[in-house]
file model00.cif (mmCIF, C-alpha atoms and all ligand atoms)
data_model
#
loop_
_atom_site.label_atom_id
_atom_site.label_comp_id
_atom_site.auth_asym_id
_atom_site.auth_seq_id
_atom_site.Cartn_x
_atom_site.Cartn_y
_atom_site.Cartn_z
CA MET A 1 107.58 53.90 88.73
CA THR A 2 107.21 50.15 88.93
CA ASN A 3 107.45 50.12 92.70
CA PHE A 4 103.83 49.51 93.71
CA LYS A 5 102.96 50.20 97.31
CA PRO A 6 99.49 50.06 98.84
CA MET A 7 97.65 53.18 97.76
CA LYS A 8 96.62 55.72 100.31
CA TYR A 9 93.57 57.56 99.20
CA THR A 10 95.18 60.95 99.16
CA SER A 11 94.69 63.13 96.15
CA VAL A 12 98.34 62.81 95.22
CA SER A 13 98.27 59.00 95.26
CA TRP A 14 95.12 59.14 93.22
CA LEU A 15 96.74 61.33 90.66
CA LEU A 16 99.77 59.09 90.46
CA PHE A 17 97.50 56.10 90.15
CA PHE A 18 95.62 57.94 87.44
CA CYS A 19 98.94 58.65 85.84
CA LEU A 20 99.87 54.94 85.89
CA ILE A 21 96.72 53.78 84.16
CA ILE A 22 96.66 56.53 81.55
CA PRO A 23 99.36 55.60 79.07
CA SER A 24 99.92 59.16 77.90
CA CYS A 25 101.00 60.26 81.37
CA LEU A 26 104.56 59.71 82.60
CA ALA A 27 105.92 60.00 86.12
CA PHE A 28 109.48 61.18 86.59
CA ASN A 29 110.24 60.19 90.16
CA VAL A 30 113.40 61.95 91.34
CA VAL A 31 114.36 58.82 93.30
CA SER A 32 114.56 56.83 90.06
CA PHE A 33 117.02 59.48 88.89
CA GLY A 34 119.26 58.96 91.93
CA ALA A 35 117.86 61.34 94.56
CA ARG A 36 117.99 60.13 98.17
CA GLY A 37 115.49 61.32 100.76
CA ASP A 38 117.93 60.89 103.63
CA GLY A 39 118.56 64.60 104.25
CA ARG A 40 122.30 64.20 103.57
CA THR A 41 122.94 63.04 100.02
CA ASP A 42 123.28 65.88 97.54
CA SER A 43 120.36 65.27 95.19
CA THR A 44 120.82 68.34 92.98
CA SER A 45 121.88 66.53 89.83
CA ALA A 46 119.15 63.88 90.22
CA PHE A 47 116.53 66.65 90.36
CA LEU A 48 118.05 68.30 87.30
CA ARG A 49 118.05 65.02 85.36
CA ALA A 50 114.42 64.31 86.31
CA TRP A 51 113.46 67.82 85.24
CA SER A 52 115.15 67.67 81.86
CA ALA A 53 113.67 64.24 81.12
CA ALA A 54 110.21 65.57 81.98
CA CYS A 55 110.81 68.73 80.01
CA GLN A 56 111.72 66.73 76.92
CA SER A 57 108.81 64.33 77.29
CA THR A 58 106.04 64.46 74.73
CA ARG A 59 103.70 62.53 77.01
CA GLN A 60 102.02 64.26 79.95
CA PRO A 61 105.02 64.62 82.31
CA ASN A 62 104.75 64.35 86.08
CA VAL A 63 107.82 65.13 88.16
CA TYR A 64 107.39 63.44 91.51
CA VAL A 65 109.26 63.97 94.78
CA PRO A 66 108.21 61.29 97.28
CA ARG A 67 108.29 61.63 101.06
CA GLY A 68 111.72 62.22 102.54
CA THR A 69 114.15 65.09 102.96
CA TYR A 70 116.25 65.96 99.93
CA LEU A 71 119.36 68.10 100.13
CA VAL A 72 119.55 70.27 97.02
CA ARG A 73 121.73 73.18 95.94
CA THR A 74 120.77 75.73 93.29
CA LEU A 75 118.21 74.28 90.88
CA SER A 76 117.72 76.04 87.53
CA LEU A 77 114.71 74.34 85.99
CA ASN A 78 114.70 75.69 82.49
CA GLY A 79 112.14 75.63 79.72
CA PRO A 80 110.72 75.77 77.25
CA CYS A 81 109.30 72.27 77.70
CA ARG A 82 107.24 70.22 75.31
CA ARG A 83 104.18 69.75 77.52
CA ARG A 84 102.59 71.25 80.60
CA ILE A 85 104.51 69.90 83.61
CA GLU A 86 103.01 68.69 86.87
CA PHE A 87 105.57 68.94 89.65
CA ARG A 88 104.36 67.13 92.78
CA ILE A 89 106.24 67.29 96.02
CA ASP A 90 105.34 65.07 98.95
CA GLY A 91 108.73 65.50 100.59
CA THR A 92 110.89 68.35 101.86
CA LEU A 93 113.69 70.08 100.00
CA VAL A 94 116.43 71.53 102.19
CA ALA A 95 119.34 73.78 101.32
CA PRO A 96 122.83 73.07 102.67
CA LYS A 97 123.58 74.60 106.08
CA ASN A 98 126.48 76.60 104.67
CA TYR A 99 124.69 79.64 103.28
CA TYR A 100 127.27 80.21 100.56
CA ALA A 101 126.00 77.05 98.83
CA ILE A 102 122.86 78.78 97.55
CA GLY A 103 123.58 82.37 98.64
CA GLN A 104 125.96 83.10 95.81
CA SER A 105 123.27 82.78 93.20
CA GLU A 106 120.17 84.93 93.11
CA PHE A 107 117.80 81.98 93.39
CA TRP A 108 117.66 78.63 95.10
CA ILE A 109 114.94 77.03 92.94
CA MET A 110 114.22 78.82 89.69
CA PHE A 111 111.76 77.99 86.93
CA TYR A 112 112.92 79.82 83.83
CA LYS A 113 110.91 80.26 80.62
CA VAL A 114 108.44 77.51 81.49
CA SER A 115 105.00 77.79 79.97
CA GLY A 116 102.43 75.51 81.62
CA LEU A 117 103.45 74.35 85.06
CA THR A 118 101.78 73.21 88.29
CA VAL A 119 103.91 72.90 91.41
CA HIS A 120 101.92 71.10 94.04
CA GLY A 121 102.55 70.50 97.73
CA GLY A 122 105.79 69.99 99.55
CA THR A 123 108.02 71.95 101.88
CA ILE A 124 111.13 73.91 100.98
CA HIS A 125 113.43 74.90 103.83
CA ALA A 126 116.20 77.32 102.85
CA MET A 127 117.95 77.27 106.26
CA GLY A 128 118.25 81.06 106.14
CA GLN A 129 119.28 81.54 109.79
CA GLY A 130 123.04 81.56 109.14
CA TYR A 131 122.64 84.02 106.30
CA TRP A 132 120.52 86.43 108.40
CA SER A 133 123.16 86.36 111.16
CA CYS A 134 125.77 87.26 108.58
CA ARG A 135 123.60 90.17 107.36
CA LYS A 136 122.96 91.40 110.88
CA GLY A 137 126.65 91.09 111.73
CA GLY A 138 127.35 93.62 109.00
CA GLY A 139 130.23 91.63 107.52
CA SER A 140 130.54 90.75 103.87
CA CYS A 141 127.87 88.24 102.92
CA PRO A 142 126.92 86.70 99.59
CA GLN A 143 123.98 88.31 97.79
CA GLY A 144 121.52 85.74 99.14
CA ALA A 145 119.02 83.58 97.27
CA ARG A 146 115.30 83.83 96.81
CA SER A 147 113.81 80.43 97.63
CA ILE A 148 111.59 79.87 94.60
CA GLN A 149 111.40 82.11 91.56
CA PHE A 150 109.36 82.05 88.37
CA MET A 151 111.14 84.00 85.67
CA TRP A 152 109.61 84.54 82.21
CA CYS A 153 106.98 81.86 82.93
CA ASN A 154 103.35 81.65 81.81
CA ASN A 155 100.35 79.69 83.02
CA VAL A 156 101.72 78.67 86.36
CA VAL A 157 99.97 77.30 89.43
CA LEU A 158 101.82 77.08 92.74
CA ARG A 159 99.58 75.27 95.18
CA GLY A 160 100.01 74.11 98.76
CA LEU A 161 103.72 74.79 99.05
CA LYS A 162 105.24 75.53 102.45
CA SER A 163 108.30 77.80 102.25
CA LEU A 164 110.39 78.20 105.39
CA TYR A 165 113.28 80.45 106.38
CA SER A 166 114.29 81.90 103.02
CA GLN A 167 117.55 83.85 102.84
CA ARG A 168 115.61 86.60 101.07
CA VAL A 169 112.26 86.72 99.23
CA HIS A 170 110.42 83.41 99.63
CA VAL A 171 108.44 83.36 96.37
CA GLY A 172 109.37 85.59 93.43
CA ILE A 173 107.37 86.18 90.27
CA GLY A 174 109.15 88.15 87.55
CA TYR A 175 108.36 88.86 83.88
CA SER A 176 105.59 86.26 84.03
CA SER A 177 101.91 86.10 83.22
CA ASN A 178 98.89 84.17 84.38
CA VAL A 179 100.29 82.93 87.67
CA ARG A 180 98.12 81.57 90.47
CA VAL A 181 99.57 81.09 93.94
CA GLU A 182 97.17 79.42 96.35
CA TYR A 183 97.10 77.78 99.75
CA VAL A 184 100.77 78.44 100.38
CA THR A 185 102.28 78.89 103.83
CA ILE A 186 105.32 81.09 104.26
CA ILE A 187 107.19 81.31 107.54
CA ALA A 188 110.23 83.26 108.71
CA PRO A 189 110.81 85.01 112.05
CA SER A 190 109.69 88.62 112.42
CA GLY A 191 113.24 89.96 112.70
CA SER A 192 114.65 88.24 109.61
CA PRO A 193 115.93 90.81 107.07
CA ASN A 194 114.33 91.21 103.62
CA THR A 195 112.46 87.93 103.80
CA ASP A 196 109.41 89.15 101.85
CA GLY A 197 106.75 86.49 101.44
CA ILE A 198 105.80 86.95 97.78
CA HIS A 199 107.34 89.53 95.47
CA VAL A 200 105.72 90.31 92.12
CA GLN A 201 107.54 92.38 89.51
CA ASN A 202 106.93 93.07 85.82
CA SER A 203 104.14 90.52 85.69
CA ARG A 204 100.52 90.40 84.56
CA GLY A 205 97.58 88.37 85.75
CA VAL A 206 98.81 87.22 89.15
CA THR A 207 96.40 85.79 91.74
CA ILE A 208 97.42 85.10 95.31
CA TYR A 209 94.70 83.28 97.21
CA GLY A 210 94.10 81.57 100.54
CA SER A 211 97.58 81.84 101.96
CA ILE A 212 99.28 82.41 105.31
CA ILE A 213 102.36 84.58 105.44
CA LYS A 214 104.43 85.23 108.58
CA THR A 215 107.71 86.92 107.88
CA GLY A 216 110.30 89.62 108.60
CA ASP A 217 109.50 91.95 105.69
CA ASP A 218 106.50 92.57 103.42
CA CYS A 219 104.04 89.68 103.32
CA ILE A 220 103.46 90.60 99.68
CA SER A 221 105.24 93.29 97.68
CA ILE A 222 104.18 94.45 94.24
CA GLY A 223 106.97 96.05 92.27
CA SER A 224 106.98 98.16 89.12
CA GLY A 225 105.56 96.83 85.87
CA SER A 226 102.85 94.74 87.56
CA MET A 227 99.29 94.69 86.29
CA ASN A 228 96.09 92.81 87.09
CA VAL A 229 97.08 91.45 90.45
CA TRP A 230 94.41 89.89 92.67
CA ILE A 231 95.11 89.12 96.33
CA GLU A 232 92.40 87.50 98.41
CA ARG A 233 92.08 85.63 101.71
CA VAL A 234 95.59 86.22 102.91
CA GLY A 235 96.55 86.13 106.57
CA CYS A 236 99.53 88.42 107.07
CA GLY A 237 101.62 88.83 110.21
CA PRO A 238 104.08 89.16 111.59
CA GLY A 239 105.55 91.15 108.72
CA HIS A 240 105.50 94.59 107.15
CA GLY A 241 102.07 94.23 105.52
CA ILE A 242 101.08 94.22 101.86
CA SER A 243 102.98 96.82 99.93
CA ILE A 244 102.93 98.39 96.49
CA GLY A 245 106.47 99.55 95.96
CA SER A 246 108.93 100.81 96.55
CA LEU A 247 108.20 102.54 93.24
CA GLY A 248 110.02 105.29 91.42
CA HIS A 249 113.59 104.49 92.23
CA THR A 250 114.58 105.23 88.67
CA TRP A 251 113.29 107.65 86.09
CA ASN A 252 112.41 105.09 83.48
CA GLU A 253 110.14 102.77 85.36
CA PRO A 254 106.90 101.06 84.33
CA GLY A 255 103.89 101.63 86.59
CA VAL A 256 101.56 99.44 88.60
CA ALA A 257 97.88 99.17 87.65
CA ASN A 258 94.78 97.24 88.64
CA VAL A 259 95.65 95.65 91.95
CA THR A 260 92.99 94.33 94.35
CA VAL A 261 93.56 93.25 97.94
CA ALA A 262 90.39 91.78 99.45
CA ASN A 263 89.09 89.75 102.39
CA SER A 264 92.37 89.62 104.24
CA VAL A 265 93.51 89.86 107.85
CA PHE A 266 96.59 91.62 109.20
CA THR A 267 97.85 90.72 112.65
CA LYS A 268 100.45 92.84 114.48
CA THR A 269 102.12 93.89 111.26
CA GLN A 270 104.33 96.98 110.93
CA ASN A 271 101.94 98.30 108.25
CA GLY A 272 98.63 97.22 106.81
CA VAL A 273 98.23 98.19 103.17
CA ARG A 274 100.88 100.54 101.89
CA ILE A 275 101.87 102.39 98.73
CA LYS A 276 105.43 103.50 98.91
CA SER A 277 107.54 105.54 96.49
CA TRP A 278 110.97 107.08 96.50
CA ALA A 279 111.19 110.85 96.88
CA ARG A 280 112.94 111.29 93.56
CA PRO A 281 112.00 112.04 89.95
CA SER A 282 110.35 109.20 88.04
CA GLY A 283 107.84 108.53 85.30
CA GLY A 284 106.24 105.72 87.30
CA PHE A 285 102.65 105.46 88.52
CA ALA A 286 100.24 103.45 90.64
CA LYS A 287 96.60 103.50 89.58
CA ASN A 288 93.31 101.63 89.90
CA LEU A 289 94.01 100.04 93.24
CA MET A 290 91.30 98.52 95.42
CA PHE A 291 91.67 97.56 99.07
CA ARG A 292 88.49 96.13 100.55
CA ASN A 293 87.13 94.01 103.38
CA LEU A 294 90.28 94.10 105.45
CA VAL A 295 90.63 93.41 109.15
CA MET A 296 93.47 95.03 111.11
CA ARG A 297 94.48 93.59 114.47
CA ASN A 298 96.85 95.85 116.34
CA VAL A 299 98.56 96.96 113.13
CA GLY A 300 100.94 99.91 112.70
CA ASN A 301 99.88 102.32 109.91
CA PRO A 302 96.84 100.28 108.78
CA ILE A 303 96.41 102.50 105.69
CA ILE A 304 99.43 104.37 104.41
CA ILE A 305 100.65 106.12 101.28
CA ASP A 306 104.24 107.17 101.78
CA GLN A 307 105.81 109.05 98.89
CA ASN A 308 108.72 110.27 100.95
CA TYR A 309 110.74 107.09 101.07
CA CYS A 310 114.38 108.02 101.06
CA PRO A 311 116.67 105.92 103.24
CA HIS A 312 120.21 107.18 103.86
CA ASN A 313 119.02 110.62 102.74
CA ILE A 314 120.16 110.15 99.15
CA CYS A 315 117.39 112.36 97.71
CA PRO A 316 117.59 115.71 99.53
CA ARG A 317 114.98 118.31 98.48
CA GLN A 318 113.52 116.03 95.80
CA SER A 319 109.98 114.80 95.50
CA SER A 320 108.41 111.68 94.09
CA GLY A 321 107.54 111.61 90.40
CA VAL A 322 105.23 108.64 90.91
CA LYS A 323 101.61 109.54 90.24
CA VAL A 324 99.18 107.77 92.58
CA SER A 325 95.55 107.83 91.46
CA GLN A 326 92.20 106.03 91.75
CA VAL A 327 92.81 104.22 95.03
CA THR A 328 89.83 102.90 97.01
CA PHE A 329 89.82 101.79 100.63
CA LYS A 330 86.50 100.20 101.47
CA ASN A 331 85.35 98.39 104.60
CA VAL A 332 88.63 98.46 106.47
CA LYS A 333 88.15 97.81 110.19
CA GLY A 334 90.06 97.05 113.35
CA THR A 335 92.72 98.32 115.68
CA SER A 336 95.94 100.22 115.16
CA SER A 337 99.15 100.40 117.17
CA THR A 338 99.92 103.88 115.78
CA GLN A 339 97.87 107.02 116.33
CA ALA A 340 97.84 108.04 112.65
CA VAL A 341 95.67 105.19 111.43
CA MET A 342 95.36 106.58 107.90
CA LYS A 343 98.27 108.43 106.45
CA PHE A 344 98.34 109.96 102.97
CA ASP A 345 101.73 111.55 102.60
CA CYS A 346 101.74 112.30 98.88
CA SER A 347 104.19 113.99 96.59
CA PRO A 348 104.11 117.82 96.39
CA SER A 349 104.95 117.66 92.69
CA ASN A 350 102.47 114.84 91.95
CA PRO A 351 99.61 114.97 94.45
CA CYS A 352 97.52 111.83 94.93
CA SER A 353 94.15 111.99 93.23
CA GLY A 354 90.99 109.91 93.31
CA ILE A 355 91.58 108.57 96.83
CA ARG A 356 88.24 107.11 97.93
CA LEU A 357 87.40 106.16 101.50
CA GLN A 358 84.29 104.23 102.37
CA ASP A 359 83.18 102.51 105.58
CA ILE A 360 86.36 102.73 107.56
CA LYS A 361 86.56 102.10 111.27
CA LEU A 362 90.01 102.10 112.77
CA THR A 363 90.76 102.69 116.42
CA TYR A 364 94.01 103.38 118.19
CA ASN A 365 95.03 100.97 120.95
CA ASP A 366 96.36 103.45 123.42
CA ARG A 367 96.66 103.20 127.19
CA LEU A 368 96.34 106.99 127.42
CA ARG A 369 93.18 106.89 125.29
CA ARG A 370 94.45 109.39 122.78
CA PRO A 371 92.24 109.45 119.71
CA ALA A 372 93.15 107.98 116.34
CA PHE A 373 93.47 110.45 113.46
CA ALA A 374 93.94 110.62 109.71
CA TYR A 375 96.80 112.59 108.16
CA CYS A 376 96.75 114.12 104.68
CA LYS A 377 99.32 115.94 102.66
CA ASN A 378 98.86 116.59 98.94
CA ALA A 379 96.00 114.09 98.78
CA ARG A 380 92.73 114.60 96.91
CA GLY A 381 89.65 112.47 96.67
CA SER A 382 86.37 111.75 98.36
CA HIS A 383 84.70 109.78 101.11
CA ARG A 384 81.33 108.24 101.72
CA GLY A 385 79.61 106.06 104.31
CA LYS A 386 81.00 106.09 107.82
CA VAL A 387 84.65 106.99 108.08
CA ILE A 388 86.18 106.77 111.57
CA PRO A 389 88.35 108.65 112.41
CA ARG A 390 87.09 111.58 110.37
CA SER A 391 88.50 111.71 106.85
CA CYS A 392 91.12 114.31 106.04
CA ILE A 393 90.57 113.94 102.29
C1 LIG B 1 91.95 93.71 86.66
O1 LIG B 1 92.53 92.48 87.08
C2 LIG B 1 91.67 91.37 87.14
C3 LIG B 1 92.45 90.15 87.54
O2 LIG B 1 93.31 90.39 88.54
C4 LIG B 1 91.00 91.13 85.80
O3 LIG B 1 90.06 90.09 85.94
C5 LIG B 1 90.35 92.38 85.30
O4 LIG B 1 89.85 92.18 84.00
C6 LIG B 1 91.34 93.54 85.29
N1 LIG B 1 90.69 94.78 84.87
C7 LIG B 1 91.17 95.55 83.90
C8 LIG B 1 90.40 96.80 83.64
O5 LIG B 1 92.17 95.27 83.27
#

call {"tool": "encode", "arguments": {"input": "model00.cif", "output": "structure tokens", "more": "lines below"}}
Ligand SMILES: *[C@@H]1O[C@H](CO)[C@@H](O)[C@H](O)[C@H]1NC(C)=O
result
Amino acid sequence: MTNFKPMKYTSVSWLLFFCLIIPSCLAFNVVSFGARGDGRTDSTSAFLRAWSAACQSTRQPNVYVPRGTYLVRTLSLNGPCRRRIEFRIDGTLVAPKNYYAIGQSEFWIMFYKVSGLTVHGGTIHAMGQGYWSCRKGGGSCPQGARSIQFMWCNNVVLRGLKSLYSQRVHVGIGYSSNVRVEYVTIIAPSGSPNTDGIHVQNSRGVTIYGSIIKTGDDCISIGSGSMNVWIERVGCGPGHGISIGSLGHTWNEPGVANVTVANSVFTKTQNGVRIKSWARPSGGFAKNLMFRNLVMRNVGNPIIIDQNYCPHNICPRQSSGVKVSQVTFKNVKGTSSTQAVMKFDCSPSNPCSGIRLQDIKLTYNDRLRRPAFAYCKNARGSHRGKVIPRSCI
């Protein structure tokens, strides 16, 4: 804190400078707590000490990670804290090469019961390659860690983070409210297993804005119990698209309501926007969903509702109990790599209702020039404007 270097006029330096001249603001630099940015020294306990000092502070606390590469194992950053915490990262956090180091716990970096938090900047590299090889080899592997998770947190901003090569989900949001994720970059190779970009579950008031997600599974997945989710200006691909579900795995499951996906681009993804539920009894639902102003570039299944999800055939002759209703697709344009460009495969026991199509233009990229088509089963609703190919609703 007392180590003055010439200021660079970056926003972060400005904020630290601001922090130095305002007496009520305190910087908790991890290096002053013993962290070393040499890429080799285990800095886990230094990070934990800096966090708990900041968490106890009654003055405006700023955790600061300067430039450098910091080796850290599992970090449980627990609240509740006394004040809103600013967590600024200029450096890179890396996980140990041995995937057991973080892979035996569910999370690598977890914020738990923190109310009022901004995490700003930085890169986190989970070194997931070894873990994926283990998974693909089919041997016994540890459960695998999500890279960064917010659990029971409120009023959170995650801004400008770069998350690379997670063992599993890159960014997880669970049992939290009022969370804004913006300008993040998430990167994992297209073949990496279960490396979802952002997974939201049991949370309310989540905004994901201005982000780039290239991964091996869903770019964004919205699980049960999520409400008021806003996704805008996301670039997705490679990956499996933006997905609501899988829903309805169990009988007693909360639903998903009020989700908007807008102004986003999908490039060579396995799906575009998808609602997916298990073909088994459930009290779950998905309602009031809006997908608009989306561009598809050579995407498989650009628009898909799949209520017949049942891997390993564990639900023979059952149908989905999840009720899908009030779903709008508006101004969705581009090219598809599958012939069925819109697919509404709804549950026979709970048909989809209130499906609305408006201004759709999706073409099939086919060397044989076969036409694109829409497929409907147990789907009800309406269409207006120009819908190409012709609506089956
Ligand atoms: C839907 O969610 C958005 C935020 O994502 C919120 O502003 C809006 O009020 C919600 N609408 C309803 C009916 O809850």

call {"tool": "residues_near_point", "arguments": {"input": "model00.cif", "point": "(96.2, 85.7, 76.3)", "cutoff": "12 Å", "atoms": "all atoms listed in the file", "output": "list in words"}}
result
Asn154, Asn155, Ser177, Asn178, Arg204 and Gly205 of chain A

call {"tool": "axis_aligned_box", "arguments": {"input": "model00.cif", "around": "range 278-284 of chain A", "padding_each_side": "8 Å", "output": "AutoDock Vina command-line options"}}
result
--center_x 109.6 --center_y 108.9 --center_z 91.1 --size_x 22.7 --size_y 22.3 --size_z 27.6

call {"tool": "atom_distance", "arguments": {"input": "model00.cif", "atom1": "CA of Ser320 in chain A", "atom2": "CA of Pro348 in chain A"}}
result
7.8 Å

call {"tool": "residues_around", "arguments": {"input": "model00.cif", "residues": "Ile173 in chain A", "least_positions_apart": "2", "cutoff": "8 Å", "atoms": "only C-alpha atoms", "output": "tab-separated table (two decimals) with C-alpha atoms, keeping the file's coordinate frame"}}
result
chain	number	residue	atom	x	y	z
A	149	GLN	CA	111.40	82.11	91.56
A	150	PHE	CA	109.36	82.05	88.37
A	151	MET	CA	111.14	84.00	85.67
A	171	VAL	CA	108.44	83.36	96.37
A	175	TYR	CA	108.36	88.86	83.88
A	176	SER	CA	105.59	86.26	84.03
A	198	ILE	CA	105.80	86.95	97.78
A	199	HIS	CA	107.34	89.53	95.47
A	200	VAL	CA	105.72	90.31	92.12
A	201	GLN	CA	107.54	92.38	89.51
A	203	SER	CA	104.14	90.52	85.69

call {"tool": "residues_near_ligand", "arguments": {"input": "model00.cif", "ligand": "ligand LIG 1 (chain B)", "cutoff": "12 Å", "atoms": "all atoms listed in the file", "output": "PyMOL selection string"}}
result
chain A and resi 177-180+203-209+226-232+256-262+287-290

call {"tool": "residues_around", "arguments": {"input": "model00.cif", "residues": "Leu247 in chain A", "least_positions_apart": "5", "cutoff": "9 Å", "atoms": "all atoms listed in the file", "output": "PyMOL selection string"}}
result
chain A and resi 223-224+253+255-256+275-278+282+284-286+307+322

call {"tool": "closest_residue", "arguments": {"input": "model00.cif", "among": "A:Cys310, A:Ile304, A:Cys141, A:Cys134", "to": "Gln104 in chain A", "atoms": "all atoms listed in the file"}}
result
A:Cys141

call {"tool": "residues_near_point", "arguments": {"input": "model00.cif", "point": "(98.8, 75.5, 95.7)", "cutoff": "8 Å", "atoms": "only C-alpha atoms", "output": "VMD selection string"}}
result
chain A and resid 119 to 121 157 to 161 181 to 184

call {"tool": "residues_around", "arguments": {"input": "model00.cif", "residues": "Tyr112 in chain A", "least_positions_apart": "4", "cutoff": "9 Å", "atoms": "only C-alpha atoms", "output": "PyMOL selection string"}}
result
chain A and resi 76-80+149-153

call {"tool": "closest_residue", "arguments": {"input": "model00.cif", "among": "A:Phe373, A:Ala379, A:Pro389, A:Ser264", "to": "Gln358 in chain A", "atoms": "all atoms listed in the file"}}
result
A:Pro389

call {"tool": "closest_residue", "arguments": {"input": "model00.cif", "among": "A:Gly235, A:Arg84, A:Gln60, A:Ser32", "to": "Phe47 in chain A", "atoms": "only C-alpha atoms"}}
result
A:Ser32

call {"tool": "closest_residue", "arguments": {"input": "model00.cif", "among": "A:Thr215, A:Asn194, A:Ser337, A:Ser382", "to": "Arg297 in chain A", "atoms": "only C-alpha atoms"}}
result
A:Ser337

call {"tool": "atom_distance", "arguments": {"input": "model00.cif", "atom1": "CA of Ala27 in chain A", "atom2": "CA of Ala50 in chain A"}}
result
9.5 Å

call {"tool": "residues_around", "arguments": {"input": "model00.cif", "residues": "Asn62 in chain A", "least_positions_apart": "3", "cutoff": "10 Å", "atoms": "only C-alpha atoms", "output": "list of chain:residue names"}}
result
A:Leu15, A:Leu16, A:Cys19, A:Cys25, A:Leu26, A:Ala27, A:Phe28, A:Asn29, A:Ala50, A:Trp51, A:Ala54, A:Cys55, A:Ser57, A:Arg59, A:Val65, A:Arg84, A:Ile85, A:Glu86, A:Phe87, A:Arg88, A:Thr118

call {"tool": "decode", "arguments": {"input": "model00.cif", "residues": "range 359-371 of chain A", "atoms": "N, CA, C and O atoms", "output": "PDB file, in the first residue's frame"}}
result
ATOM      1  N   ASP A 359     -41.309 -12.629 -37.722  1.00  0.00           N
ATOM      2  CA  ASP A 359     -40.138 -12.202 -38.498  1.00  0.00           C
ATOM      3  C   ASP A 359     -38.946 -13.131 -38.318  1.00  0.00           C
ATOM      4  O   ASP A 359     -37.924 -12.777 -37.705  1.00  0.00           O
ATOM      5  N   ILE A 360     -39.120 -14.308 -38.868  1.00  0.00           N
ATOM      6  CA  ILE A 360     -38.065 -15.316 -38.802  1.00  0.00           C
ATOM      7  C   ILE A 360     -37.563 -15.558 -40.223  1.00  0.00           C
ATOM      8  O   ILE A 360     -38.366 -15.679 -41.158  1.00  0.00           O
ATOM      9  N   LYS A 361     -36.276 -15.600 -40.387  1.00  0.00           N
ATOM     10  CA  LYS A 361     -35.752 -16.023 -41.688  1.00  0.00           C
ATOM     11  C   LYS A 361     -34.511 -16.882 -41.467  1.00  0.00           C
ATOM     12  O   LYS A 361     -33.427 -16.382 -41.159  1.00  0.00           O
ATOM     13  N   LEU A 362     -34.721 -18.186 -41.616  1.00  0.00           N
ATOM     14  CA  LEU A 362     -33.625 -19.119 -41.390  1.00  0.00           C
ATOM     15  C   LEU A 362     -33.486 -20.010 -42.622  1.00  0.00           C
ATOM     16  O   LEU A 362     -34.463 -20.610 -43.075  1.00  0.00           O
ATOM     17  N   THR A 363     -32.288 -20.098 -43.136  1.00  0.00           N
ATOM     18  CA  THR A 363     -32.073 -20.934 -44.315  1.00  0.00           C
ATOM     19  C   THR A 363     -31.110 -22.059 -43.982  1.00  0.00           C
ATOM     20  O   THR A 363     -30.304 -21.954 -43.045  1.00  0.00           O
ATOM     21  N   TYR A 364     -31.263 -23.130 -44.745  1.00  0.00           N
ATOM     22  CA  TYR A 364     -30.445 -24.322 -44.524  1.00  0.00           C
ATOM     23  C   TYR A 364     -29.274 -24.293 -45.486  1.00  0.00           C
ATOM     24  O   TYR A 364     -29.454 -24.142 -46.692  1.00  0.00           O
ATOM     25  N   ASN A 365     -28.076 -24.418 -44.941  1.00  0.00           N
ATOM     26  CA  ASN A 365     -26.847 -24.443 -45.750  1.00  0.00           C
ATOM     27  C   ASN A 365     -26.655 -25.846 -46.277  1.00  0.00           C
ATOM     28  O   ASN A 365     -26.077 -26.678 -45.616  1.00  0.00           O
ATOM     29  N   ASP A 366     -27.144 -26.110 -47.448  1.00  0.00           N
ATOM     30  CA  ASP A 366     -27.077 -27.493 -47.910  1.00  0.00           C
ATOM     31  C   ASP A 366     -26.535 -27.537 -49.323  1.00  0.00           C
ATOM     32  O   ASP A 366     -27.013 -26.828 -50.200  1.00  0.00           O
ATOM     33  N   ARG A 367     -25.563 -28.396 -49.577  1.00  0.00           N
ATOM     34  CA  ARG A 367     -24.989 -28.512 -50.911  1.00  0.00           C
ATOM     35  C   ARG A 367     -26.022 -29.041 -51.898  1.00  0.00           C
ATOM     36  O   ARG A 367     -25.986 -28.740 -53.072  1.00  0.00           O
ATOM     37  N   LEU A 368     -26.951 -29.865 -51.385  1.00  0.00           N
ATOM     38  CA  LEU A 368     -27.979 -30.441 -52.272  1.00  0.00           C
ATOM     39  C   LEU A 368     -29.199 -29.524 -52.394  1.00  0.00           C
ATOM     40  O   LEU A 368     -30.192 -29.900 -53.005  1.00  0.00           O
ATOM     41  N   ARG A 369     -29.141 -28.373 -51.794  1.00  0.00           N
ATOM     42  CA  ARG A 369     -30.196 -27.372 -51.870  1.00  0.00           C
ATOM     43  C   ARG A 369     -31.556 -27.884 -51.383  1.00  0.00           C
ATOM     44  O   ARG A 369     -32.602 -27.527 -51.902  1.00  0.00           O
ATOM     45  N   ARG A 370     -31.522 -28.761 -50.422  1.00  0.00           N
ATOM     46  CA  ARG A 370     -32.802 -29.174 -49.836  1.00  0.00           C
ATOM     47  C   ARG A 370     -33.331 -28.015 -48.994  1.00  0.00           C
ATOM     48  O   ARG A 370     -32.538 -27.270 -48.404  1.00  0.00           O
ATOM     49  N   PRO A 371     -34.653 -27.873 -48.936  1.00  0.00           N
ATOM     50  CA  PRO A 371     -35.199 -26.704 -48.251  1.00  0.00           C
ATOM     51  C   PRO A 371     -35.196 -26.880 -46.720  1.00  0.00           C
ATOM     52  O   PRO A 371     -35.283 -27.996 -46.211  1.00  0.00           O
TER      53      PRO A 371
END
